[in-house]
Amino acid sequence: MLISSHARRPAGFLAVLGLAGALFSTPAMAQTTASTSAPATARADQPPLLAPWGGPHGGGPAFDKVKVADFKPALETAMAENLAEINAIATNPAAPTFENTIAAMERSGGALDRVQAVYGVWKSTLNDKAFGAVETEMAPKMAAFNDQISQNLALFKRIEAVYSSPATKQLTPEQQRLVEVDYKQFVRSGAKLDATAKARLSAINQALAGLFTNFSQNVLAEEADSVLMLKTDKDLGGLPASLRDAAKTTAGTRKIAAAGVITNTRSSIDPFLTYSDQRALREKAWRMFTNRGDNGGAHDNNALITQILQLRAERARLLGYATHAHLRLDNTMAKTPEAAMQLMEQVWKPAVARVHEEVADMLALAKKEGAPANFKIEPWDYRYYAEKVRKARYDLDQNEVKQYLQLDKMREGMFWVAGELFNFAFVPVTDVPVYHPDVRVWQVNDKTTGQQVGLWYFDPYARPGKNSGAWMNAYRNQERMDGKAVTTIVSNNSNFVKGKDGEPVLISWTDATTLFHEFGHALHGLSSNVTYPTLSGTSVVRDYVEFPSQLLENWLATPEVLNKFALHYQTGQPIPAALVARINKASTFNEGFATTEFLASALIDMKLHLAGSQKIDPDKFERETLAQMGMPHELVMRHRTPQFSHVFSSDGYSAGYYSYLWSVVLAADAFSAFTEASGPYDKTVAARLRQNVFTVGNTVDPAVGYRAFRGRDPKIDALMKERGFPVPGAKDGPKDPAAKPRAAAKPKGK
């Protein structure tokens, strides 16, 4: 999952790059970007949040000097400064040119970018009541600020003049791309509306900002306030030692008198549902997790969702679009909601058919174990019995696999892959401030030249006040304006549960896949080699940004990684070839479940936003639409509507959750380029991938970039083969996928 923002662009621009709830008011679990075009030195009297970033390794955020009370005045000061910069550009008496308008905008807002970068870290990882109060107050103000830029008529006229000027055709391709991006985003943000419509649009954006904040705070509160207490040792039944230890540690940390505690986050709930042999407790855990935001009372999100949908529909109409979905997809690879729906429906039927097969297998096993004749697989049973079937059919126990997946070793494996494919070296550093003791930092260098390309922060563990799931964000984007090379700062964030002190953290195969996925986002940012920060790194359209991260998942399963880094936590021996073979054999197992739970969320998201101005009762809409779709009763959406933070804590992934499937089609097809060559580490293919995908940011149209890499447009065939689904147009069913385990295409985050 990506988290992203850019202070110098209007709200519509932010909505494209994302901010799905992990930052501030406008949008995709997002990437925070911060310019370094500001002066290199700070004034002695300058507040830490506003000061240019100093220190070693190219400088970084002064996390050790941050106080929550400083956020509001720092944001207000930085916004006022940025508005003054924008006004100077807009009122410049000189004729509009690329340099005095477009480039000048790139240079503006440095202080605000820095403040927002740190603000985003607090929002997503250290969100307590004090910060929540600041966020509630500032979200509408920040939305209004964005509108003051996007609706500045004099500024837009200058941008429009540059966009329409014949001289623009003489600019470099990257400069032409930046002009086009700026112009279209201002138009999408209402720059051409009349004064009355602009005022209404701004009111809508401010209202949405407040609703987004309330939504995300409600989800965070329900995750923080609800836990499942395991009162006796019997309640720990079926749990492997690592989960027992984690549950006991959590109980101690939270000072709860119990044998163990399961927190209300996916990283705790999913393993519990997989291994607990206490069916009543599985149901209790499942209901606690799936009903977040849907329990009535102060933290219920249903009324907020209705308001968000109404306001989005009105905004789309103001901007000349039929629905919010049409607005959101206008500048994506899919182009239209109809194209996205066509892809999802193409996969939906075979996925549901596979679910029915999986349920039949689970029922047969349950009855063999003595379940009554009328026994039904319920949603809280699915993971539990699926794991039993996996073990019986493939002699594959995920607990056995976990013994070889140490978090630190998997991180080292990611570094090694980055060295092979991207020529990066990661060097740990301890002389930069961090915002929490769990966070570690590495300097990233080019192995050949030794030149620094960025810093990588890693925040791996769950804690109160931290968003659940996993995500990447950038504190600073790579750029080289005005002849000054600025390196990026990126971070990866996870929610692994700590066990006993001094013992390695063991993670599941799915968790390891997620780790590689988010690292793919980080490599996308670290590889960036562009001039202008707006076009840098991961600043690409929503249904392309997940492609590099989905693609990197494939390298986890390569023999080179497994033999070097999948080492038993006690013996240090590499994972046995026989176990790897069993993993490969089971690589399409449970794909019906994984694909269906994701697609259910993606389809509901799209259908909600295609409903236009229809007033939606979220619970009723979800229930009735899933029934019409033929949703199997044995599972639920990966993200039910009242907790769907991707979609309702910002505009980030709204009408865009489909993008994970779109991106995984690209990823499956792209990985085939390696397997068709000499393998996953083919140097020629890797160089072509870096040149056309990872380094270019948004300087080229993504479809053009992909064709330059692959030599053609993507095909769905590789994805369907990976899932073990029928390939469209094929006479026979798909063969077994290539010998590599593969996680389902689903969001690696909230």
# chains A, B, ... in the order shown; residues from 1 in each chain; ligands from 1
$ select_by_dssp --residues "region 550-736 of chain A" --states "helix (DSSP H, G or I)" --output "VMD selection string"
chain A and resid 550 to 557 559 to 565 577 to 585 591 to 610 618 to 629 641 to 643 645 to 648 659 to 676 683 to 694 702 to 710 717 to 723
$ closest_atom_pairs --of "region 53-94 of chain A" --to "region 431-437 of chain A" --cutoff "9 Å" --atoms "only C-alpha atoms" --output "tab-separated table"
residue	atom	partner	partner_atom	distance
A:Gly55	CA	A:Val432	CA	7.3
A:Pro56	CA	A:Val432	CA	7.2
A:His57	CA	A:Val432	CA	8.4
A:Gly59	CA	A:Val432	CA	8.4
A:Gly60	CA	A:Val432	CA	7.4
A:Pro61	CA	A:Pro433	CA	7.5
A:Ala62	CA	A:Pro433	CA	6.2
A:Phe63	CA	A:Tyr435	CA	5.1
A:Asp64	CA	A:Pro433	CA	5.7
A:Lys65	CA	A:Pro433	CA	8.9
A:Val66	CA	A:Tyr435	CA	8.5
$ write_last_selection --atoms "N, CA and C atoms" --output "mmCIF file, in the first residue's frame"
data_model
loop_
_atom_site.group_PDB
_atom_site.id
_atom_site.type_symbol
_atom_site.label_atom_id
_atom_site.label_comp_id
_atom_site.auth_asym_id
_atom_site.auth_seq_id
_atom_site.Cartn_x
_atom_site.Cartn_y
_atom_site.Cartn_z
ATOM 1 N N GLY A 55 21.623 17.466 9.324
ATOM 2 C CA GLY A 55 22.186 16.232 9.840
ATOM 3 C C GLY A 55 22.911 15.443 8.775
ATOM 4 N N PRO A 56 23.443 14.277 9.147
ATOM 5 C CA PRO A 56 24.232 13.464 8.213
ATOM 6 C C PRO A 56 23.359 12.767 7.180
ATOM 7 N N HIS A 57 24.012 12.172 6.194
ATOM 8 C CA HIS A 57 23.348 11.350 5.172
ATOM 9 C C HIS A 57 22.342 12.145 4.344
ATOM 10 N N GLY A 59 20.671 14.720 5.400
ATOM 11 C CA GLY A 59 19.673 15.369 6.242
ATOM 12 C C GLY A 59 18.373 14.585 6.294
ATOM 13 N N GLY A 60 17.624 14.798 7.367
ATOM 14 C CA GLY A 60 16.352 14.118 7.534
ATOM 15 C C GLY A 60 15.508 14.798 8.586
ATOM 16 N N PRO A 61 14.285 14.307 8.805
ATOM 17 C CA PRO A 61 13.382 14.927 9.777
ATOM 18 C C PRO A 61 13.970 14.907 11.192
ATOM 19 N N ALA A 62 13.771 15.991 11.909
ATOM 20 C CA ALA A 62 14.233 16.086 13.304
ATOM 21 C C ALA A 62 13.165 15.488 14.214
ATOM 22 N N PHE A 63 12.970 14.173 14.099
ATOM 23 C CA PHE A 63 11.907 13.512 14.852
ATOM 24 C C PHE A 63 12.070 13.689 16.363
ATOM 25 N N ASP A 64 13.297 13.849 16.829
ATOM 26 C CA ASP A 64 13.547 13.959 18.255
ATOM 27 C C ASP A 64 13.111 15.298 18.832
ATOM 28 N N LYS A 65 12.749 16.248 17.975
ATOM 29 C CA LYS A 65 12.352 17.576 18.445
ATOM 30 C C LYS A 65 10.859 17.852 18.245
ATOM 31 N N VAL A 66 10.114 16.845 17.824
ATOM 32 C CA VAL A 66 8.701 17.052 17.491
ATOM 33 C C VAL A 66 7.839 17.057 18.749
#
$ closest_atom_pairs --of "region 647-707 of chain A" --to "region 524-548 of chain A" --cutoff "9 Å" --atoms "only C-alpha atoms" --output "Markdown table"
| residue | atom | partner | partner_atom | distance |
| --- | --- | --- | --- | --- |
| A:Gly652 | CA | A:Arg542 | CA | 8.3 |
| A:Tyr653 | CA | A:Arg542 | CA | 7.5 |
| A:Gly656 | CA | A:Arg542 | CA | 7.0 |
| A:Tyr657 | CA | A:Asp543 | CA | 8.6 |
| A:Tyr658 | CA | A:Asp543 | CA | 7.7 |
| A:Ser659 | CA | A:Asp543 | CA | 4.2 |
| A:Tyr660 | CA | A:Glu546 | CA | 6.2 |
| A:Leu661 | CA | A:Asp543 | CA | 8.4 |
| A:Trp662 | CA | A:Asp543 | CA | 6.1 |
| A:Ser663 | CA | A:Phe547 | CA | 4.4 |
| A:Val664 | CA | A:Phe547 | CA | 6.2 |
| A:Val665 | CA | A:Phe547 | CA | 8.3 |
| A:Leu666 | CA | A:Phe547 | CA | 6.2 |
| A:Ala667 | CA | A:Phe547 | CA | 5.6 |
| A:Arg690 | CA | A:Ser527 | CA | 7.6 |
| A:Val693 | CA | A:Pro548 | CA | 7.8 |
| A:Phe694 | CA | A:His524 | CA | 5.1 |
| A:Thr695 | CA | A:Ser528 | CA | 4.2 |
| A:Val696 | CA | A:Ser528 | CA | 6.2 |
| A:Gly697 | CA | A:Gly537 | CA | 4.6 |
| A:Asn698 | CA | A:Leu535 | CA | 4.7 |
| A:Thr699 | CA | A:Leu535 | CA | 5.9 |
| A:Asp701 | CA | A:Val540 | CA | 8.9 |
| A:Pro702 | CA | A:Tyr544 | CA | 7.0 |
| A:Ala703 | CA | A:Tyr544 | CA | 8.9 |
$ residues_around --residues "Ala557 (chain A)" --least-positions-apart "4" --cutoff "12 Å" --atoms "only C-alpha atoms" --output "ChimeraX atom specification"
/A:405,410,413-414,417,509-510,512-513,516,552-553,561-566,575,580-581,583-584,587,680,738-743
$ residues_around --residues "Asp459 (chain A)" --least-positions-apart "4" --cutoff "12 Å" --atoms "only C-alpha atoms" --output "PyMOL selection string"
chain A and resi 121+124-126+411+434-442+463+466-467+469-473+490-497+515+518
$ residues_around --residues "region 611-618 of chain A" --least-positions-apart "5" --cutoff "7 Å" --atoms "only C-alpha atoms" --output "list in words"
Asn302, Ile305, Thr306, Gln310, Ala313, Thr323 and Thr641 of chain A
$ residues_around --residues "region 185-196 of chain A" --least-positions-apart "5" --cutoff "12 Å" --atoms "only C-alpha atoms" --output "PyMOL selection string"
chain A and resi 8-17+143+146-160+163+178-180+201-205+315-321+324+326-331+534
$ atom_distance --atom1 "CA of Glu503 (chain A)" --atom2 "CA of Tyr569 (chain A)"
8.9 Å
$ residues_around --residues "Asn291 (chain A)" --least-positions-apart "5" --cutoff "10 Å" --atoms "only C-alpha atoms" --output "MDAnalysis selection string"
chainID A and resid 222 286 296 300 640:643
$ write_last_selection --atoms "C-alpha atoms" --output "short mmCIF file (atom, residue, chain, number, x, y, z; two decimals), in the first residue's frame"
data_model
loop_
_atom_site.label_atom_id
_atom_site.label_comp_id
_atom_site.auth_asym_id
_atom_site.auth_seq_id
_atom_site.Cartn_x
_atom_site.Cartn_y
_atom_site.Cartn_z
CA GLU A 222 -12.38 0.37 17.56
CA TRP A 286 -14.07 -12.73 13.66
CA GLY A 296 -23.56 1.56 16.61
CA ASP A 300 -20.16 3.78 13.96
CA ARG A 640 -16.23 -4.38 4.90
CA THR A 641 -17.67 -0.98 4.07
CA PRO A 642 -17.72 0.51 7.64
CA GLN A 643 -13.96 -0.09 8.02
#
$ closest_residue --among "A:Val134, A:Ala322, A:Leu50, A:Ala708" --to "Leu689 (chain A)" --atoms "only C-alpha atoms"
A:Ala708
$ closest_residue --among "A:Asp270, A:Gln406, A:Pro48, A:Tyr681" --to "Pro574 (chain A)" --atoms "only C-alpha atoms"
A:Gln406
$ closest_residue --among "A:Ile86, A:Ala74, A:Met341, A:Leu208" --to "Lys607 (chain A)" --atoms "only C-alpha atoms"
A:Met341
$ closest_residue --among "A:Asn590, A:Ser678, A:Ser649, A:Thr558" --to "Leu304 (chain A)" --atoms "only C-alpha atoms"
A:Ser649
